[in-house]
Number of protein chains: 2
Amino acid sequence: MSLVVVGSVAYDGVETPHGKVDRMLGGAATYISLAASYFTPVKIVAVVGGDFAAEDTELLVSRNIDLEGLERVPDGRTFFWAGVYSADMNDRYTLATELNVFAAFNPQLPAAYRSANYLMLGNIQPALQKNVRAQMDGVQFVGGDTMNYWINDFRGELLETLKEWDFLLINDSEARLLSGETNIRRAAAAIQAMGPQALVIKRGEYGAILFQGERHFIAPGYLLERVFDPTGAGDSFAGGFIGYLAGQEAQRNRGEIDFAELRRAVIHGSVMGSFCCEKFGVDRFRTLTHAEVDARYAEFQECASF
Amino acid sequence: MSLVVVGSVAYDGVETPHGKVDRMLGGAATYISLAASYFTPVKIVAVVGGDFAAEDTELLVSRNIDLEGLERVPDGRTFFWAGVYSADMNDRYTLATELNVFAAFNPQLPAAYRSANYLMLGNIQPALQKNVRAQMDGVQFVGGDTMNYWINDFRGELLETLKEWDFLLINDSEARLLSGETNIRRAAAAIQAMGPQALVIKRGEYGAILFQGERHFIAPGYLLERVFDPTGAGDSFAGGFIGYLAGQEAQRNRGEIDFAELRRAVIHGSVMGSFCCEKFGVDRFRTLTHAEVDARYAEFQECASF
């Protein structure tokens, strides 16, 4: 039931209508790992610089995240990103991107990681994602995220990578770009034909749609009364999704992930994404309890059933 | 269980990426009545000109819609609207608005209409909506629609009208405009305080949210493979919603509409809105059967449950 998470660990500077933080822990692999850690043991693969703070290491360790695969470059600096959100927080503008040690990131898995059954590849260069996949012969359920830049400029590599994926998490505009279809249902069919049998199309505040084979499931977005900071919400969604599936392995019949379980995984993704927005950066995960996660899952059931 | 529907009966000229029709039956009261007619007897209140075609009268009659309240002005012309949709059909541009006989519309209810229990007020001047409400002393469930123009320029009249409504159907941008709140949950609370205890906030392709008291229900939007023409989808939603509630009266315990019933009404609204988009104008209602309506309701259950 162990999960390997690959991606960025970073520092972020974020400004929203509710406040401004110059430098805080961030990065896709950070959010994915923290969210997934509520459901399953997590092994992280990432790179940081000599500036990576002891307190941030401690947060990850406190969530039982295995850091053997966290490479440290003492004379380098950690990836830094800064951005500002629009008044309604539906748009954000990048103010700074300093790749630093992340520019040369070439993920190598520790031996102890290679037998894990679940692999979640955060948004990095598609050829690197493929290379990680190749290091895990026995992996049972593998997939990840991508973005417009790779879809536009690394399309061939991305298509080679997707062939070997069981799932893809992507937002609606990326799904349209990748498929060339405007209609979301036909976009999904085109993407499934590229490889991933399970496809989750994220729709921001409107929730997400899960496709598997001919079936689909429409998951609602949680109606927060106040979004403090949407940074990391998509990655927290991914962490809840894959973490839940990894954590359910022991309960599963003959290793098959069925559609009902995928539905519950998507709702757990929405649960973790919604918590992420309640405080700045990763702060909500410092106090979040499993009882709160279960209570919000029940809230989702209450507000979506008829 | 009889329902009175008040609003426009019109001719529309519509262009979408799938085709162009210069003149076809349209208008809010037309779509509301046609959709509601699948669930309950409907009595329409509207005005048309001498150009109103016999075949359009016949379509309404074929759906058992009572036309006693359809005023005819032989030397006038029927309200005409023309518009063109953007490539993704999320935006539309008005090319022509000719109010014609609709400009002097002052709805007067026939005596036989005044004892109906349900009243749905399409998007017309708020003082006229209030005036219709006053003609129905015994009405049990009344509400309707409005739009940006009335919210901005007739706010005082609109607020007086809303005080007497049990429900309001409105889209998300209108809800934000009416309430002054960006967050949809706080917008809903502010609008409920204006009068309507049941509030449905429509979100286009993303579905709708129902609020009643402290509770809410998030309804998915149906994933059509091809939207031919979204004209009338919102009004068809309204017709399915109020028509279903009116039709359930005999089954209801002591006249109380509970939250579970409102949820089912919202899904029936979504069902009728989704059918409306499958053909141009009202064409889908020419062939739609009750069995198809029930099958799509079951599809909604399948794609939203977890």
# chains A, B, ... in the order shown; residues from 1 in each chain; ligands from 1
$ residues_around --residues "stretch 113-121 of chain B" --least-positions-apart "2" --cutoff "8 Å" --atoms "only C-alpha atoms" --output "list in words"
Met1, Ser2, Leu3, Val4, Val5, Val6, Gly7, Lys43, Leu109, Pro110, Ala111, Asn123, Ile124, Gln129, Arg133, Gln135, Met136, Asp137, Gly138, Val139, Gln140, Phe141, Val142, Gly143, Gly144, Asp145, Ile242 and Ala246 of chain B
$ write_last_selection --atoms "N, CA and C atoms" --output "short mmCIF file (atom, residue, chain, number, x, y, z; two decimals), in the first residue's frame"
data_model
loop_
_atom_site.label_atom_id
_atom_site.label_comp_id
_atom_site.auth_asym_id
_atom_site.auth_seq_id
_atom_site.Cartn_x
_atom_site.Cartn_y
_atom_site.Cartn_z
N MET B 1 -53.08 21.15 -8.11
CA MET B 1 -51.74 20.96 -8.66
C MET B 1 -51.53 21.79 -9.92
N SER B 2 -52.44 22.73 -10.19
CA SER B 2 -52.31 23.53 -11.41
C SER B 2 -51.25 24.63 -11.24
N LEU B 3 -50.55 24.90 -12.34
CA LEU B 3 -49.44 25.86 -12.34
C LEU B 3 -49.72 26.99 -13.31
N VAL B 4 -49.58 28.23 -12.86
CA VAL B 4 -49.67 29.39 -13.75
C VAL B 4 -48.26 29.85 -14.10
N VAL B 5 -48.02 30.05 -15.39
CA VAL B 5 -46.71 30.51 -15.89
C VAL B 5 -46.90 31.85 -16.60
N VAL B 6 -46.13 32.84 -16.17
CA VAL B 6 -46.23 34.18 -16.74
C VAL B 6 -44.90 34.57 -17.35
N GLY B 7 -44.93 35.14 -18.56
CA GLY B 7 -43.67 35.59 -19.17
C GLY B 7 -43.83 35.83 -20.65
N LYS B 43 -51.12 26.62 -17.07
CA LYS B 43 -51.94 27.72 -17.57
C LYS B 43 -51.00 28.89 -17.89
N LEU B 109 -54.88 37.94 -14.96
CA LEU B 109 -55.19 36.50 -14.90
C LEU B 109 -56.68 36.26 -15.13
N PRO B 110 -57.04 35.32 -16.02
CA PRO B 110 -58.43 34.89 -16.14
C PRO B 110 -58.92 34.36 -14.77
N ALA B 111 -60.19 34.47 -14.53
CA ALA B 111 -60.76 34.04 -13.25
C ALA B 111 -60.40 32.59 -12.92
N ASN B 123 -38.99 36.09 -16.37
CA ASN B 123 -38.20 37.30 -16.25
C ASN B 123 -38.90 38.49 -16.91
N ILE B 124 -39.72 39.21 -16.11
CA ILE B 124 -40.35 40.45 -16.58
C ILE B 124 -40.15 41.51 -15.50
N GLN B 129 -44.47 41.45 -11.92
CA GLN B 129 -44.44 40.16 -11.21
C GLN B 129 -45.23 40.28 -9.90
N ARG B 133 -48.75 38.31 -8.62
CA ARG B 133 -48.81 37.64 -7.32
C ARG B 133 -50.04 38.10 -6.53
N GLN B 135 -52.84 38.96 -7.61
CA GLN B 135 -54.09 38.45 -8.18
C GLN B 135 -54.39 37.00 -7.75
N MET B 136 -53.48 36.41 -6.99
CA MET B 136 -53.65 35.01 -6.60
C MET B 136 -53.55 34.88 -5.09
N ASP B 137 -54.66 35.16 -4.40
CA ASP B 137 -54.66 35.18 -2.93
C ASP B 137 -54.26 33.84 -2.31
N GLY B 138 -54.70 32.77 -2.92
CA GLY B 138 -54.50 31.48 -2.26
C GLY B 138 -53.28 30.72 -2.72
N VAL B 139 -52.42 31.37 -3.50
CA VAL B 139 -51.28 30.65 -4.07
C VAL B 139 -50.38 30.10 -2.96
N GLN B 140 -49.88 28.88 -3.13
CA GLN B 140 -49.11 28.24 -2.06
C GLN B 140 -47.60 28.31 -2.26
N PHE B 141 -47.19 28.35 -3.52
CA PHE B 141 -45.74 28.33 -3.79
C PHE B 141 -45.50 29.21 -5.01
N VAL B 142 -44.85 30.34 -4.78
CA VAL B 142 -44.68 31.33 -5.83
C VAL B 142 -43.24 31.80 -5.89
N GLY B 143 -42.79 32.04 -7.10
CA GLY B 143 -41.44 32.55 -7.27
C GLY B 143 -41.15 32.75 -8.72
N GLY B 144 -39.88 32.92 -9.05
CA GLY B 144 -39.56 33.15 -10.45
C GLY B 144 -38.11 33.48 -10.68
N ASP B 145 -37.93 34.22 -11.73
CA ASP B 145 -36.63 34.52 -12.32
C ASP B 145 -36.50 36.04 -12.37
N ILE B 242 -40.42 23.72 -11.22
CA ILE B 242 -41.71 24.08 -10.65
C ILE B 242 -42.80 23.10 -11.09
N ALA B 246 -45.29 21.08 -8.57
CA ALA B 246 -46.76 21.17 -8.70
C ALA B 246 -47.35 19.77 -8.89
#
$ residues_around --residues "A:Phe79" --least-positions-apart "4" --cutoff "7 Å" --atoms "only C-alpha atoms" --output "list in words"
Ala10, Tyr11, Glu98, Leu99, Asn100, Val101 and Phe102 of chain A
$ residues_around --residues "B:Ala219" --least-positions-apart "3" --cutoff "9 Å" --atoms "only C-alpha atoms" --output "list in words"
Pro220, Cys303, Ala304, Ser305 and Phe306 of chain A; Tyr206, Gly207, Ala208, Ile209, Leu210, Arg263, Val266, Ile267, Ser270 and Ala304 of chain B
$ write_last_selection --atoms "N, CA and C atoms" --output "PDB file, in the first residue's frame"
ATOM      1  N   PRO A 220     -19.113  17.016  -6.938  1.00  0.00           N
ATOM      2  CA  PRO A 220     -19.307  18.441  -6.661  1.00  0.00           C
ATOM      3  C   PRO A 220     -18.060  19.067  -6.053  1.00  0.00           C
ATOM      4  N   CYS A 303     -24.577  16.781   0.819  1.00  0.00           N
ATOM      5  CA  CYS A 303     -24.911  17.874  -0.103  1.00  0.00           C
ATOM      6  C   CYS A 303     -25.008  17.409  -1.551  1.00  0.00           C
ATOM      7  N   ALA A 304     -24.749  16.132  -1.827  1.00  0.00           N
ATOM      8  CA  ALA A 304     -24.802  15.673  -3.224  1.00  0.00           C
ATOM      9  C   ALA A 304     -25.821  14.574  -3.470  1.00  0.00           C
ATOM     10  N   SER A 305     -26.439  14.028  -2.436  1.00  0.00           N
ATOM     11  CA  SER A 305     -27.346  12.897  -2.657  1.00  0.00           C
ATOM     12  C   SER A 305     -28.776  13.364  -2.909  1.00  0.00           C
ATOM     13  N   PHE A 306     -29.486  12.570  -3.679  1.00  0.00           N
ATOM     14  CA  PHE A 306     -30.899  12.903  -3.952  1.00  0.00           C
ATOM     15  C   PHE A 306     -31.660  11.635  -4.264  1.00  0.00           C
TER      16      PHE A 306
ATOM     17  N   TYR B 206     -22.276  23.644 -15.385  1.00  0.00           N
ATOM     18  CA  TYR B 206     -21.829  23.025 -14.136  1.00  0.00           C
ATOM     19  C   TYR B 206     -22.979  22.618 -13.223  1.00  0.00           C
ATOM     20  N   GLY B 207     -24.222  22.856 -13.644  1.00  0.00           N
ATOM     21  CA  GLY B 207     -25.347  22.431 -12.829  1.00  0.00           C
ATOM     22  C   GLY B 207     -25.944  23.564 -12.026  1.00  0.00           C
ATOM     23  N   ALA B 208     -26.341  23.279 -10.793  1.00  0.00           N
ATOM     24  CA  ALA B 208     -27.039  24.268  -9.972  1.00  0.00           C
ATOM     25  C   ALA B 208     -26.846  23.932  -8.498  1.00  0.00           C
ATOM     26  N   ILE B 209     -27.052  24.930  -7.656  1.00  0.00           N
ATOM     27  CA  ILE B 209     -27.030  24.703  -6.211  1.00  0.00           C
ATOM     28  C   ILE B 209     -28.366  25.138  -5.636  1.00  0.00           C
ATOM     29  N   LEU B 210     -28.951  24.293  -4.846  1.00  0.00           N
ATOM     30  CA  LEU B 210     -30.190  24.599  -4.142  1.00  0.00           C
ATOM     31  C   LEU B 210     -29.868  24.948  -2.694  1.00  0.00           C
ATOM     32  N   ARG B 263     -34.782  18.791  -3.796  1.00  0.00           N
ATOM     33  CA  ARG B 263     -33.619  18.212  -4.500  1.00  0.00           C
ATOM     34  C   ARG B 263     -34.068  17.522  -5.784  1.00  0.00           C
ATOM     35  N   VAL B 266     -34.933  19.986  -8.439  1.00  0.00           N
ATOM     36  CA  VAL B 266     -33.763  20.572  -9.105  1.00  0.00           C
ATOM     37  C   VAL B 266     -33.216  19.613 -10.164  1.00  0.00           C
ATOM     38  N   ILE B 267     -33.157  18.332  -9.842  1.00  0.00           N
ATOM     39  CA  ILE B 267     -32.672  17.361 -10.835  1.00  0.00           C
ATOM     40  C   ILE B 267     -33.637  17.295 -12.025  1.00  0.00           C
ATOM     41  N   SER B 270     -32.746  20.101 -14.163  1.00  0.00           N
ATOM     42  CA  SER B 270     -31.542  19.807 -14.953  1.00  0.00           C
ATOM     43  C   SER B 270     -31.857  18.865 -16.113  1.00  0.00           C
ATOM     44  N   ALA B 304     -24.031  10.703 -10.294  1.00  0.00           N
ATOM     45  CA  ALA B 304     -23.764  11.600  -9.162  1.00  0.00           C
ATOM     46  C   ALA B 304     -23.653  10.882  -7.824  1.00  0.00           C
TER      47      ALA B 304
END
$ residues_around --residues "A:Arg92" --least-positions-apart "2" --cutoff "12 Å" --atoms "only C-alpha atoms" --output "PyMOL selection string"
chain A and resi 14-17+82-90+94-95+229-231
$ select_by_dssp --residues "stretch 48-290 of chain B" --states "strand (DSSP E or B)" --output "ChimeraX atom specification"
/B:48-49,65-73,80-85,92-98,118-121,141-145,167-171,198-202,208-212,215-219
$ atom_distance --atom1 "atom CA of A:Glu181" --atom2 "atom CA of B:Cys277"
18.5 Å
$ select_by_dssp --residues "stretch 166-230 of chain A" --states "alpha helix (DSSP H)" --output "list in words"
Asp172, Ser173, Glu174, Ala175, Arg176, Leu177, Leu178, Ser179, Ile184, Arg185, Arg186, Ala187, Ala188, Ala189, Ala190, Ile191 and Gln192 of chain A
$ closest_residue --among "B:Arg252, B:His216, B:His268, B:Arg155" --to "chain A" --atoms "only C-alpha atoms"
B:His216
$ residues_around --residues "B:Asp283" --least-positions-apart "2" --cutoff "12 Å" --atoms "only C-alpha atoms" --output "ChimeraX atom specification"
/B:21,24-26,30-31,34-35,56,59,228-229,231-232,275-281,285-288
$ write_last_selection --atoms "C-alpha atoms" --output "short mmCIF file (atom, residue, chain, number, x, y, z; two decimals), in the first residue's frame"
data_model
loop_
_atom_site.label_atom_id
_atom_site.label_comp_id
_atom_site.auth_asym_id
_atom_site.auth_seq_id
_atom_site.Cartn_x
_atom_site.Cartn_y
_atom_site.Cartn_z
CA VAL B 21 -32.65 29.52 -37.69
CA MET B 24 -38.66 30.00 -34.49
CA LEU B 25 -40.95 29.77 -31.47
CA GLY B 26 -39.29 30.96 -28.26
CA THR B 30 -42.98 29.00 -23.80
CA TYR B 31 -39.97 27.01 -22.55
CA LEU B 34 -43.44 23.12 -22.31
CA ALA B 35 -41.01 21.69 -19.74
CA ASP B 56 -47.22 27.27 -32.65
CA LEU B 59 -47.81 22.80 -30.23
CA PHE B 228 -26.94 22.26 -30.44
CA ASP B 229 -28.62 25.34 -29.00
CA THR B 231 -31.48 28.93 -25.93
CA GLY B 232 -34.22 28.26 -23.39
CA PHE B 275 -33.02 17.93 -23.28
CA CYS B 276 -33.68 21.50 -24.42
CA CYS B 277 -30.06 21.85 -25.65
CA GLU B 278 -30.23 18.76 -27.85
CA LYS B 279 -32.10 20.46 -30.68
CA PHE B 280 -32.79 23.97 -31.91
CA GLY B 281 -35.33 26.04 -30.01
CA PHE B 285 -40.12 19.02 -26.81
CA ARG B 286 -41.97 18.01 -29.98
CA THR B 287 -40.85 14.40 -29.55
CA LEU B 288 -39.69 14.09 -25.91
#
$ atom_distance --atom1 "atom CA of B:Ala295" --atom2 "atom CA of A:Arg264"
24.5 Å
$ decode --residues "stretch 239-255 of chain A" --atoms "N, CA, C and O atoms" --output "compact mmCIF listing (two decimals), in the first residue's frame"
# COMPACT_ATOMS: atom_id res chain seq x y z
N GLY A 239 -3.37 14.24 -4.08
CA GLY A 239 -2.89 13.46 -2.94
C GLY A 239 -4.01 12.69 -2.26
O GLY A 239 -3.84 11.52 -1.88
N GLY A 240 -5.16 13.34 -2.10
CA GLY A 240 -6.30 12.65 -1.50
C GLY A 240 -6.77 11.49 -2.37
O GLY A 240 -7.10 10.41 -1.87
N PHE A 241 -6.78 11.72 -3.68
CA PHE A 241 -7.23 10.70 -4.64
C PHE A 241 -6.34 9.46 -4.59
O PHE A 241 -6.78 8.35 -4.32
N ILE A 242 -5.04 9.65 -4.84
CA ILE A 242 -4.15 8.50 -4.94
C ILE A 242 -3.85 7.92 -3.56
O ILE A 242 -3.72 6.70 -3.40
N GLY A 243 -3.79 8.78 -2.55
CA GLY A 243 -3.55 8.30 -1.20
C GLY A 243 -4.68 7.38 -0.73
O GLY A 243 -4.43 6.31 -0.15
N TYR A 244 -5.92 7.79 -1.01
CA TYR A 244 -7.06 6.96 -0.63
C TYR A 244 -6.99 5.60 -1.33
O TYR A 244 -7.18 4.56 -0.69
N LEU A 245 -6.70 5.58 -2.62
CA LEU A 245 -6.63 4.31 -3.36
C LEU A 245 -5.53 3.41 -2.82
O LEU A 245 -5.73 2.20 -2.65
N ALA A 246 -4.36 4.00 -2.54
CA ALA A 246 -3.26 3.20 -1.98
C ALA A 246 -3.65 2.63 -0.62
O ALA A 246 -3.39 1.47 -0.31
N GLY A 247 -4.31 3.44 0.19
CA GLY A 247 -4.69 3.02 1.53
C GLY A 247 -5.75 1.93 1.57
O GLY A 247 -5.89 1.22 2.55
N GLN A 248 -6.51 1.81 0.48
CA GLN A 248 -7.59 0.82 0.41
C GLN A 248 -7.12 -0.56 -0.06
O GLN A 248 -7.92 -1.48 -0.13
N GLU A 249 -5.84 -0.67 -0.42
CA GLU A 249 -5.38 -1.91 -1.07
C GLU A 249 -5.73 -3.16 -0.27
O GLU A 249 -6.19 -4.16 -0.84
N ALA A 250 -5.53 -3.10 1.03
CA ALA A 250 -5.76 -4.30 1.85
C ALA A 250 -7.23 -4.72 1.83
O ALA A 250 -7.55 -5.91 1.95
N GLN A 251 -8.14 -3.75 1.65
CA GLN A 251 -9.58 -4.04 1.66
C GLN A 251 -10.08 -4.53 0.29
O GLN A 251 -11.21 -4.94 0.15
N ARG A 252 -9.20 -4.43 -0.71
CA ARG A 252 -9.68 -4.63 -2.07
C ARG A 252 -9.69 -6.10 -2.46
O ARG A 252 -8.81 -6.86 -2.10
N ASN A 253 -10.66 -6.45 -3.24
CA ASN A 253 -10.84 -7.82 -3.70
C ASN A 253 -9.98 -8.08 -4.94
O ASN A 253 -10.18 -7.45 -5.98
N ARG A 254 -9.02 -8.95 -4.88
CA ARG A 254 -8.19 -9.36 -6.02
C ARG A 254 -7.50 -8.20 -6.74
O ARG A 254 -7.24 -8.26 -7.94
N GLY A 255 -7.24 -7.13 -6.02
CA GLY A 255 -6.43 -6.06 -6.61
C GLY A 255 -7.12 -5.18 -7.62
O GLY A 255 -6.51 -4.26 -8.15
